[in-house]
file my_file-v2.txt (compact mmCIF, C-alpha atoms)
# COMPACT_ATOMS: atom_id res chain seq x y z
CA MET A 1 17.71 -7.32 43.59
CA ASN A 2 17.29 -3.59 44.29
CA CYS A 3 19.77 -1.22 45.95
CA HIS A 4 17.89 -1.09 49.25
CA ARG A 5 17.98 -4.86 49.65
CA VAL A 6 21.67 -5.00 48.65
CA GLN A 7 22.59 -2.27 51.15
CA SER A 8 21.11 -4.33 53.97
CA LEU A 9 23.09 -7.39 52.85
CA LEU A 10 26.40 -5.65 52.16
CA SER A 11 27.82 -6.12 55.63
CA ALA A 12 27.05 -9.82 55.67
CA TYR A 13 28.42 -10.11 52.13
CA LEU A 14 31.65 -8.55 53.32
CA ASP A 15 31.89 -11.12 56.13
CA GLN A 16 31.00 -13.96 53.76
CA GLU A 17 27.99 -14.86 55.83
CA LEU A 18 25.46 -15.08 52.98
CA SER A 19 24.20 -18.12 51.15
CA PRO A 20 25.98 -18.79 47.81
CA GLU A 21 22.90 -17.67 45.91
CA GLU A 22 22.66 -14.36 47.80
CA GLN A 23 26.39 -13.82 47.37
CA ARG A 24 26.11 -14.22 43.64
CA LEU A 25 23.21 -11.74 43.43
CA VAL A 26 24.98 -9.12 45.55
CA ARG A 27 28.21 -9.51 43.58
CA ASN A 28 26.36 -8.97 40.32
CA HIS A 29 24.57 -5.91 41.68
CA ILE A 30 27.78 -4.30 42.95
CA PHE A 31 29.40 -4.81 39.61
CA HIS A 32 26.69 -2.78 37.88
CA CYS A 33 25.78 -0.21 40.58
CA PRO A 34 28.52 2.40 41.39
CA ALA A 35 26.69 3.72 44.49
CA CYS A 36 26.52 0.29 46.09
CA ALA A 37 30.10 -0.41 45.03
CA GLU A 38 31.25 2.76 46.81
CA ASN A 39 29.32 1.74 49.88
CA TYR A 40 30.93 -1.66 49.78
CA GLU A 41 34.38 -0.08 49.50
CA ASP A 42 33.72 2.08 52.56
CA LEU A 43 32.55 -0.87 54.61
CA SER A 44 35.57 -2.95 53.65
CA HIS A 45 37.84 -0.04 54.60
CA ILE A 46 36.17 0.13 57.98
CA LYS A 47 36.60 -3.59 58.44
CA SER A 48 40.29 -3.36 57.60
CA TYR A 49 40.75 -0.35 59.92
CA LEU A 50 39.26 -2.28 62.79
CA GLY A 51 41.18 -5.43 61.92
CA ASN A 52 44.46 -3.53 61.86
CA LEU A 53 43.94 -1.87 65.21
CA GLU A 54 46.95 -2.56 67.38
CA PRO A 55 46.40 -4.23 70.72
CA PRO A 56 46.36 -1.33 73.16
CA ILE A 57 48.60 -2.90 75.71
CA ASP A 58 52.23 -2.50 76.65
CA GLN A 59 54.11 -5.16 78.54
CA ARG A 60 54.03 -3.31 81.82
CA ASP A 61 50.24 -3.30 81.92
CA LEU A 62 50.03 -6.96 81.12
CA ASP A 63 52.47 -7.86 83.89
CA LEU A 64 50.45 -5.82 86.33
CA LEU A 65 47.31 -7.57 85.25
CA ASP A 66 48.95 -10.95 85.57
CA ARG A 67 50.37 -10.35 88.98
CA PHE A 68 47.19 -8.90 90.40
CA LEU A 69 45.02 -11.61 88.95
CA PHE A 70 47.06 -14.57 90.05
CA ASP A 71 47.76 -13.17 93.49
CA HIS A 72 44.04 -12.88 93.86
CA LEU A 73 43.32 -16.31 92.55
CA HIS A 74 45.96 -18.09 94.59
CA ALA A 75 44.83 -16.31 97.71
CA ALA A 76 41.20 -17.04 96.95
CA SER A 77 41.76 -20.69 96.13
CA SER A 78 43.32 -21.50 99.49
CA PHE A 79 40.09 -20.38 101.11
CA THR A 80 37.47 -21.59 98.73
CA ALA A 81 39.05 -24.98 98.24
CA ASN A 82 38.79 -25.94 101.90
CA PRO A 83 35.60 -25.03 103.76
CA TRP A 84 36.95 -26.63 106.99
CA HIS A 85 39.93 -24.33 107.14
CA PRO A 86 40.83 -23.47 110.79
CA LEU A 87 40.63 -19.75 110.03
CA LEU A 88 37.02 -20.15 108.98
CA TRP A 89 36.28 -21.85 112.32
CA TRP A 90 37.84 -18.97 114.19
CA LYS A 91 35.62 -16.62 112.33
CA ARG A 92 32.55 -18.68 113.13
CA LEU A 93 33.51 -18.85 116.81
CA ALA A 94 34.07 -15.13 116.96
CA LEU A 95 30.69 -14.52 115.39
CA THR A 96 28.95 -16.79 117.89
CA GLY A 97 30.75 -15.07 120.78
CA ALA A 98 29.66 -11.68 119.54
CA CYS A 99 26.05 -12.87 119.31
CA VAL A 100 26.08 -14.19 122.89
CA LEU A 101 27.60 -10.96 124.18
CA LEU A 102 25.00 -8.92 122.39
CA PHE A 103 22.23 -11.09 123.84
CA LEU A 104 23.56 -10.69 127.38
CA LEU A 105 23.86 -6.95 127.03
CA THR A 106 20.30 -6.58 125.85
CA ALA A 107 19.07 -8.98 128.51
CA PHE A 108 20.65 -6.90 131.28
CA TYR A 109 19.11 -3.81 129.88
CA LEU A 110 15.64 -5.31 129.66
CA PHE A 111 15.68 -6.97 133.09
CA PRO A 112 17.64 -4.68 135.40
CA VAL A 113 18.76 -5.90 138.80
CA GLU A 114 19.49 -2.56 140.48
CA GLN A 115 16.76 -0.87 142.49
CA THR A 116 17.93 2.55 141.32
CA SER A 117 17.40 1.75 137.69
CA PRO A 118 14.77 3.92 136.03
CA MET A 119 13.05 0.81 134.79
CA THR A 120 12.32 -0.46 138.33
CA LEU A 121 8.94 0.36 139.84
CA THR A 122 9.01 2.33 143.08
CA PRO A 123 6.00 3.37 145.17
CA ASP A 124 6.47 6.97 143.94
CA THR A 125 6.56 6.24 140.26
CA ALA A 126 4.20 3.29 140.07
CA PRO A 127 0.77 3.95 138.60
CA PHE A 128 -0.68 1.43 141.07
CA SER A 129 0.17 0.46 144.61
CA VAL A 130 3.31 -1.52 144.94
CA SER A 131 4.28 -3.36 148.04
CA SER A 132 7.73 -2.41 149.21
CA GLY A 133 8.81 -6.00 149.56
CA PRO A 134 10.09 -8.08 146.71
CA PRO A 135 7.37 -9.22 144.34
CA TYR A 136 8.22 -12.82 144.84
CA GLN A 137 9.61 -15.04 147.58
CA PRO A 138 11.28 -18.35 147.38
CA VAL A 139 9.01 -21.12 148.49
CA ILE A 140 11.39 -22.39 151.18
CA GLU A 141 11.55 -18.97 152.74
CA VAL A 142 7.76 -18.70 152.90
CA LYS A 143 7.51 -22.10 154.46
CA ALA A 144 10.19 -21.32 156.99
CA LYS A 145 8.38 -18.14 157.96
CA ALA A 146 5.13 -20.04 158.32
CA ASP A 147 6.84 -22.53 160.61
CA VAL A 148 8.23 -19.77 162.73
CA ASN A 149 4.78 -18.18 163.02
CA PHE A 150 3.28 -21.45 164.03
CA LEU A 151 5.86 -21.90 166.76
CA ALA A 152 5.29 -18.38 167.95
CA GLU A 153 1.56 -18.96 168.25
CA ASP A 154 2.21 -22.18 170.08
CA GLY A 155 4.47 -20.42 172.54
CA LYS A 156 1.85 -17.77 173.17
CA GLU A 157 -0.75 -20.39 174.09
CA LYS A 158 1.65 -22.02 176.44
CA GLU A 159 2.36 -18.69 178.08
CA GLU A 160 -1.30 -18.00 178.53
CA GLU A 161 -1.88 -21.38 180.09
CA GLU A 162 0.95 -20.84 182.50
CA LYS A 163 -0.37 -17.44 183.44
CA LYS A 164 -3.77 -18.94 184.10
CA ARG A 165 -2.28 -21.60 186.30
CA GLU A 166 -0.37 -18.95 188.20
CA ASN A 167 -3.49 -16.94 188.65
CA GLU A 168 -5.30 -19.97 189.94
CA HIS A 169 -2.48 -20.69 192.33
CA TYR A 170 -2.08 -17.23 193.77
CA PHE A 171 -5.58 -15.84 193.56
CA TRP A 172 -8.95 -17.01 194.56
CA ARG A 173 -10.84 -18.99 192.02
CA GLU A 174 -13.33 -16.73 190.47
CA GLN A 175 -16.74 -17.34 191.92
CA SER A 176 -19.15 -17.09 189.21
CA HIS A 177 -22.21 -17.41 191.37
CA LEU A 178 -21.32 -14.31 193.38
CA VAL A 179 -23.11 -11.20 192.33
CA LYS A 180 -21.06 -8.16 191.76
CA GLY A 181 -21.32 -5.46 194.38
CA VAL A 182 -22.69 -7.75 197.18
CA PRO A 183 -20.30 -8.10 200.12
CA VAL A 184 -19.22 -11.53 201.06
CA SER A 185 -18.11 -12.61 204.49
CA ARG A 186 -15.01 -14.73 204.85
CA MET B 1 38.07 -17.21 61.56
CA LEU B 2 39.71 -17.69 64.88
CA GLN B 3 41.08 -20.99 66.08
CA THR B 4 39.87 -21.69 69.58
CA GLU B 5 41.15 -24.29 71.97
CA THR B 6 38.74 -26.67 73.58
CA LEU B 7 39.41 -27.99 77.04
CA SER B 8 40.05 -31.59 77.84
CA LEU B 9 39.52 -31.11 81.52
CA ALA B 10 38.00 -33.54 83.95
CA ARG B 11 35.18 -31.82 85.87
CA PRO B 12 36.32 -32.12 89.52
CA ALA B 13 39.94 -31.34 88.67
CA PRO B 14 42.25 -30.89 91.62
CA ASP B 15 44.51 -28.77 89.45
CA ALA B 16 41.72 -26.59 88.13
CA LEU B 17 43.68 -23.48 88.98
CA ASP B 18 46.64 -24.56 86.88
CA GLU B 19 44.39 -25.38 83.97
CA PHE B 20 42.63 -22.05 84.34
CA GLU B 21 45.94 -20.19 84.42
CA LYS B 22 47.08 -21.97 81.32
CA GLN B 23 43.94 -21.03 79.44
CA VAL B 24 44.04 -17.42 80.60
CA LYS B 25 47.67 -17.11 79.53
CA ILE B 26 46.67 -18.05 75.99
CA TYR B 27 43.82 -15.56 75.58
CA GLU B 28 44.77 -12.84 78.05
CA LYS B 29 45.78 -10.29 75.43
CA ALA B 30 42.67 -10.88 73.36
CA PHE B 31 40.44 -10.46 76.43
CA TYR B 32 42.16 -7.24 77.32
CA HIS B 33 41.90 -5.97 73.77
CA PHE B 34 38.17 -6.68 73.71
CA ALA B 35 37.67 -4.96 77.08
CA PHE B 36 39.71 -1.97 75.92
CA ARG B 37 37.68 -1.57 72.74
CA LEU B 38 34.46 -1.73 74.76
CA THR B 39 35.46 0.68 77.49
CA GLY B 40 37.88 2.95 75.64
CA ASN B 41 40.45 3.36 78.44
CA HIS B 42 43.06 1.29 80.19
CA ASP B 43 41.76 1.62 83.74
CA ASP B 44 38.26 0.44 82.98
CA ALA B 45 39.58 -2.24 80.66
CA GLN B 46 41.82 -3.60 83.41
CA ASP B 47 39.03 -3.57 85.95
CA LEU B 48 36.67 -5.23 83.53
CA THR B 49 39.15 -7.95 82.56
CA GLN B 50 40.13 -8.70 86.13
CA GLU B 51 36.58 -8.84 87.34
CA ALA B 52 35.55 -11.06 84.45
CA LEU B 53 38.45 -13.45 85.04
CA LEU B 54 37.69 -13.65 88.75
CA LYS B 55 34.07 -14.43 87.93
CA ALA B 56 35.18 -17.00 85.39
CA TYR B 57 37.45 -18.63 87.95
CA ARG B 58 34.73 -18.84 90.57
CA ALA B 59 32.39 -20.41 88.04
CA PHE B 60 35.07 -22.60 86.49
CA HIS B 61 33.44 -25.77 87.85
CA CYS B 62 30.32 -24.91 85.78
CA PHE B 63 32.37 -24.60 82.61
CA LYS B 64 31.30 -27.26 80.13
CA THR B 65 34.20 -29.34 78.94
CA GLY B 66 34.61 -29.44 75.21
CA THR B 67 33.35 -25.88 74.69
CA ALA B 68 35.56 -22.94 73.88
CA PHE B 69 37.03 -21.24 76.90
CA ASP B 70 37.61 -17.89 75.21
CA ARG B 71 34.02 -17.53 74.02
CA TRP B 72 32.80 -18.28 77.52
CA VAL B 73 35.01 -15.53 78.98
CA TYR B 74 34.03 -13.10 76.21
CA GLN B 75 30.45 -13.69 77.20
CA ILE B 76 31.25 -12.88 80.84
CA ILE B 77 33.15 -9.74 79.84
CA TYR B 78 30.28 -8.57 77.67
CA ARG B 79 27.68 -9.15 80.38
CA LEU B 80 29.77 -7.40 83.00
CA PHE B 81 30.32 -4.50 80.65
CA ILE B 82 26.61 -4.14 79.93
CA ASP B 83 25.83 -4.24 83.67
CA GLN B 84 28.46 -1.64 84.48
CA TYR B 85 27.36 0.54 81.61
CA ARG B 86 23.79 0.51 82.86
CA LYS B 87 24.93 1.30 86.38
CA LYS B 88 27.10 4.15 85.14
CA ARG B 89 24.27 5.61 83.12
CA ARG B 90 22.15 5.88 86.24
CA ARG B 91 24.92 7.69 88.13
CA PRO B 92 25.77 11.37 87.57
CA PHE B 93 28.78 12.17 85.43
CA VAL B 94 32.10 12.31 87.28
CA ALA B 95 34.89 14.34 85.73
CA SER B 96 38.36 12.86 85.62
CA LEU B 97 41.29 14.83 87.01
CA ASP B 98 43.72 13.17 84.60
CA GLU B 99 41.93 14.15 81.43
CA THR B 100 42.15 17.66 80.09
CA PRO B 101 39.11 19.76 80.93
CA PRO B 102 36.88 20.67 77.97
CA HIS B 103 38.07 24.30 77.74
CA LEU B 104 41.68 23.12 77.34
CA ASP B 105 40.80 20.48 74.79
CA GLN B 106 42.12 22.54 71.89
CA GLU B 107 45.49 23.15 73.51
CA LYS B 108 48.41 21.15 72.23
CA PRO B 109 49.94 18.70 74.66
CA LYS B 110 53.66 18.91 75.29
CA GLU B 111 55.42 16.93 72.61
CA VAL B 112 58.11 14.44 73.49
CA PRO B 113 60.22 13.00 70.67
CA ASP B 114 59.99 9.26 70.08
CA TYR B 115 62.44 7.76 67.63
CA THR B 116 61.44 4.17 68.07
CA LYS B 117 59.24 4.06 64.97
CA LEU B 118 59.05 5.89 61.70
CA PRO B 119 57.48 9.17 62.83
CA GLU B 120 55.05 9.67 59.95
CA ASP B 121 53.82 6.14 60.01
CA PHE B 122 53.47 6.20 63.76
CA ALA B 123 51.58 9.49 63.74
CA LEU B 124 49.18 8.33 61.05
CA ARG B 125 48.48 5.05 62.74
CA HIS B 126 48.17 6.54 66.15
CA GLU B 127 45.80 9.22 65.02
CA LEU B 128 43.63 6.84 63.06
CA GLY B 129 43.58 4.39 65.96
CA GLU B 130 42.40 7.10 68.32
CA THR B 131 39.78 8.31 65.88
CA ILE B 132 38.45 4.81 65.38
CA GLN B 133 38.31 4.22 69.12
CA LYS B 134 36.40 7.48 69.59
CA ALA B 135 33.99 6.49 66.83
CA LEU B 136 33.54 3.07 68.44
CA LEU B 137 32.70 4.69 71.75
CA ARG B 138 29.94 6.69 70.09
CA LEU B 139 28.16 3.50 69.04
CA PRO B 140 25.46 1.97 71.26
CA GLU B 141 27.15 -0.67 73.40
CA GLU B 142 25.38 -3.65 71.77
CA PHE B 143 26.51 -2.54 68.31
CA ARG B 144 30.00 -1.84 69.60
CA ALA B 145 30.39 -5.32 71.08
CA ALA B 146 29.13 -7.00 67.91
CA VAL B 147 31.38 -4.96 65.62
CA VAL B 148 34.45 -5.47 67.81
CA LEU B 149 33.87 -9.22 68.08
CA CYS B 150 33.45 -9.47 64.32
CA ASP B 151 36.11 -7.12 62.98
CA VAL B 152 38.69 -6.90 65.76
CA GLN B 153 38.49 -10.40 67.23
CA GLY B 154 37.50 -12.12 63.97
CA PHE B 155 34.59 -14.26 65.18
CA SER B 156 31.96 -15.64 62.84
CA TYR B 157 28.32 -14.53 63.18
CA GLU B 158 27.39 -17.83 64.78
CA GLU B 159 30.10 -17.51 67.42
CA ILE B 160 29.04 -13.93 68.09
CA SER B 161 25.44 -15.00 68.52
CA ASN B 162 26.66 -17.52 71.10
CA ILE B 163 28.69 -14.93 72.95
CA LEU B 164 26.06 -12.19 72.94
CA GLN B 165 23.25 -14.72 73.47
CA CYS B 166 21.06 -13.43 70.64
CA SER B 167 19.87 -14.68 67.26
CA LEU B 168 21.89 -14.69 64.05
CA GLY B 169 19.55 -12.10 62.53
CA THR B 170 20.15 -9.76 65.47
CA VAL B 171 23.91 -10.15 65.13
CA ARG B 172 23.72 -9.41 61.43
CA SER B 173 21.63 -6.28 61.92
CA ARG B 174 23.78 -5.02 64.82
CA ILE B 175 26.97 -5.37 62.80
CA HIS B 176 25.38 -3.78 59.78
CA ARG B 177 23.99 -0.80 61.67
CA GLY B 178 27.19 -0.41 63.67
CA ARG B 179 29.31 -0.27 60.54
CA ARG B 180 26.93 2.19 58.92
CA GLN B 181 27.25 4.52 61.91
CA LEU B 182 31.04 4.12 61.88
CA ARG B 183 30.98 5.05 58.21
CA GLU B 184 29.28 8.33 59.05
CA TYR B 185 31.76 9.14 61.83
CA LEU B 186 34.82 8.23 59.74
CA GLN B 187 33.64 9.93 56.56
CA PRO B 188 36.70 12.26 56.24
CA TYR B 189 39.12 9.33 56.29
CA LEU B 190 37.03 7.31 53.88
CA SER B 191 36.82 10.13 51.35
CA ALA B 192 40.61 10.55 51.61
CA GLU B 193 40.99 6.85 50.84
CA ARG B 194 38.69 7.24 47.84
CA GLY B 195 40.78 10.16 46.57
CA LYS B 196 43.92 8.04 46.96
CA ASN B 197 42.46 5.25 44.86
CA GLN B 198 41.29 7.46 42.01

call {"tool": "encode", "arguments": {"input": "my_file-v2.txt", "output": "structure tokens"}}
result
Amino acid sequence: MNCHRVQSLLSAYLDQELSPEEQRLVRNHIFHCPACAENYEDLSHIKSYLGNLEPPIDQRDLDLLDRFLFDHLHAASSFTANPWHPLLWWKRLALTGACVLLFLLTAFYLFPVEQTSPMTLTPDTAPFSVSSGPPYQPVIEVKAKADVNFLAEDGKEKEEEEKKRENEHYFWREQSHLVKGVPVSR
Amino acid sequence: MLQTETLSLARPAPDALDEFEKQVKIYEKAFYHFAFRLTGNHDDAQDLTQEALLKAYRAFHCFKTGTAFDRWVYQIIYRLFIDQYRKKRRRPFVASLDETPPHLDQEKPKEVPDYTKLPEDFALRHELGETIQKALLRLPEEFRAAVVLCDVQGFSYEEISNILQCSLGTVRSRIHRGRRQLREYLQPYLSAERGKNQ
């Protein structure tokens, strides 16, 4: 086994992660090769340095960590454990309410009811002719109007008939056979 | 090798939180130590540990009974760390107000006497610990995690390959290359050790 190969195995040899055969070969090589032995020494020093590192924590930090963590967890568990918690329902209700409100607001903006609104068509601003009356009428109203018109026409006919009868009563019946302009003796 | 507890926990446990707390209590210090060695400072280590434990708690119902709880959490910590590291690398550097600015780096901090430990011993240890942490932080994060899990936490290569979700060969090469880089960074200390032995 050459030095290059041993160097690549040294770390694993140090951690006792080699097969027994490999371990034996590396051990033999280190025994005879001072360069690899020095390398091995350095690596084992590094391992012991790291292993002897003191935990970086003092008690105060740990307590803080504990308190924060378990406050969080206990608070979180009361919510996550129960999806039918009343508070969750309140939130859902509030969200629905907000949605409805938003819809109404936009609806009023899109379909304005005031005549003065800039979105309403007026004869001045319209690109085409607009009748001044409302664009639609309830059916009952139209019918009622039609009825009234019908009655009015009826009344007019009656009036005319009455007038005719009056004329016939007070005036001479029109003589159609008489020629205009020729005097008639009575 | 580290002894790890396996859970004997029924899946839909009503007292899952208690069981979780119990497990966390056992390994809490080790988790924090791992996070600290990865991040290199207390604030980030605390954030990382807390976030990982919260994640672990939320996914506790997915935890397979009979497997090691600590390895599962180590895996979460490592993944979170890698994600955060990648995010951080994309963001511009933000200077900390607490740390000394680079031009004052050479200035000596105000010294406060501490008689709790043997001063020489304490100074040596403290200095070496800081140097090692700095050297660790210079390693690529994959190498750092593998080396810390192996040398600081004492896991076997197989356990590390489970935690880091990579092959045994990858673990072996990461640890090897990580240690070689550490050897370069810590050369002054190592040569002092050699002088001591001779």

call {"tool": "residues_around", "arguments": {"input": "my_file-v2.txt", "residues": "region 3-5 of chain A", "least_positions_apart": "4", "cutoff": "10 Å", "atoms": "all atoms listed in the file", "output": "PyMOL selection string"}}
result
chain A and resi 9-10+26+29-30+33+35-36

call {"tool": "closest_residue", "arguments": {"input": "my_file-v2.txt", "among": "B:Asp83, B:Asp44, B:Asp151, B:Glu19", "to": "chain A", "atoms": "all atoms listed in the file"}}
result
B:Asp151

call {"tool": "residues_around", "arguments": {"input": "my_file-v2.txt", "residues": "Glu184 (chain B)", "least_positions_apart": "4", "cutoff": "12 Å", "atoms": "all atoms listed in the file", "output": "list in words"}}
result
Asn39, Asp42, Leu43 and Ile46 of chain A; Ile132, Ala135, Leu136, Arg138, Leu139, Arg177, Gly178, Arg179, Arg180, Pro188, Tyr189, Leu190 and Ser191 of chain B

call {"tool": "write_last_selection", "arguments": {"input": "my_file-v2.txt", "atoms": "C-alpha atoms", "output": "PDB file, keeping the file's coordinate frame"}}
result
ATOM      1  CA  ASN A  39      29.320   1.740  49.880  1.00  0.00           C
ATOM      2  CA  ASP A  42      33.720   2.080  52.560  1.00  0.00           C
ATOM      3  CA  LEU A  43      32.550  -0.870  54.610  1.00  0.00           C
ATOM      4  CA  ILE A  46      36.170   0.130  57.980  1.00  0.00           C
TER       5      ILE A  46
ATOM      6  CA  ILE B 132      38.450   4.810  65.380  1.00  0.00           C
ATOM      7  CA  ALA B 135      33.990   6.490  66.830  1.00  0.00           C
ATOM      8  CA  LEU B 136      33.540   3.070  68.440  1.00  0.00           C
ATOM      9  CA  ARG B 138      29.940   6.690  70.090  1.00  0.00           C
ATOM     10  CA  LEU B 139      28.160   3.500  69.040  1.00  0.00           C
ATOM     11  CA  ARG B 177      23.990  -0.800  61.670  1.00  0.00           C
ATOM     12  CA  GLY B 178      27.190  -0.410  63.670  1.00  0.00           C
ATOM     13  CA  ARG B 179      29.310  -0.270  60.540  1.00  0.00           C
ATOM     14  CA  ARG B 180      26.930   2.190  58.920  1.00  0.00           C
ATOM     15  CA  PRO B 188      36.700  12.260  56.240  1.00  0.00           C
ATOM     16  CA  TYR B 189      39.120   9.330  56.290  1.00  0.00           C
ATOM     17  CA  LEU B 190      37.030   7.310  53.880  1.00  0.00           C
ATOM     18  CA  SER B 191      36.820  10.130  51.350  1.00  0.00           C
TER      19      SER B 191
END

call {"tool": "closest_atom_pairs", "arguments": {"input": "my_file-v2.txt", "of": "chain A", "to": "chain B", "cutoff": "7 Å", "atoms": "only C-alpha atoms", "output": "CSV"}}
result
residue,atom,partner,partner_atom,distance
A:Ser11,CA,B:His176,CA,5.4
A:Ala12,CA,B:Arg172,CA,6.7
A:Asp42,CA,B:Leu190,CA,6.3
A:Leu43,CA,B:Arg179,CA,6.8
A:Lys47,CA,B:Asp151,CA,5.8
A:Leu50,CA,B:Val152,CA,5.5
A:Gly51,CA,B:Val152,CA,4.8
A:Leu53,CA,B:Gly129,CA,6.3
A:Pro55,CA,B:His33,CA,5.7
A:Pro56,CA,B:His33,CA,6.5
A:Leu69,CA,B:Gln50,CA,6.4

call {"tool": "atom_distance", "arguments": {"input": "my_file-v2.txt", "atom1": "CA of Lys88 (chain B)", "atom2": "CA of Phe143 (chain B)"}}
result
18.1 Å

call {"tool": "atom_distance", "arguments": {"input": "my_file-v2.txt", "atom1": "CA of Gln75 (chain B)", "atom2": "CA of Ile163 (chain B)"}}
result
4.8 Å

call {"tool": "closest_residue", "arguments": {"input": "my_file-v2.txt", "among": "A:Thr106, A:Gln7, A:Asn167, A:Thr96", "to": "Glu38 (chain A)", "atoms": "all atoms listed in the file"}}
result
A:Gln7

call {"tool": "closest_residue", "arguments": {"input": "my_file-v2.txt", "among": "B:Lys22, B:Leu137, B:Phe31, B:Gln181", "to": "Arg71 (chain B)", "atoms": "all atoms listed in the file"}}
result
B:Phe31

call {"tool": "atom_distance", "arguments": {"input": "my_file-v2.txt", "atom1": "CA of Glu54 (chain A)", "atom2": "CA of Glu127 (chain B)"}}
result
12.1 Å
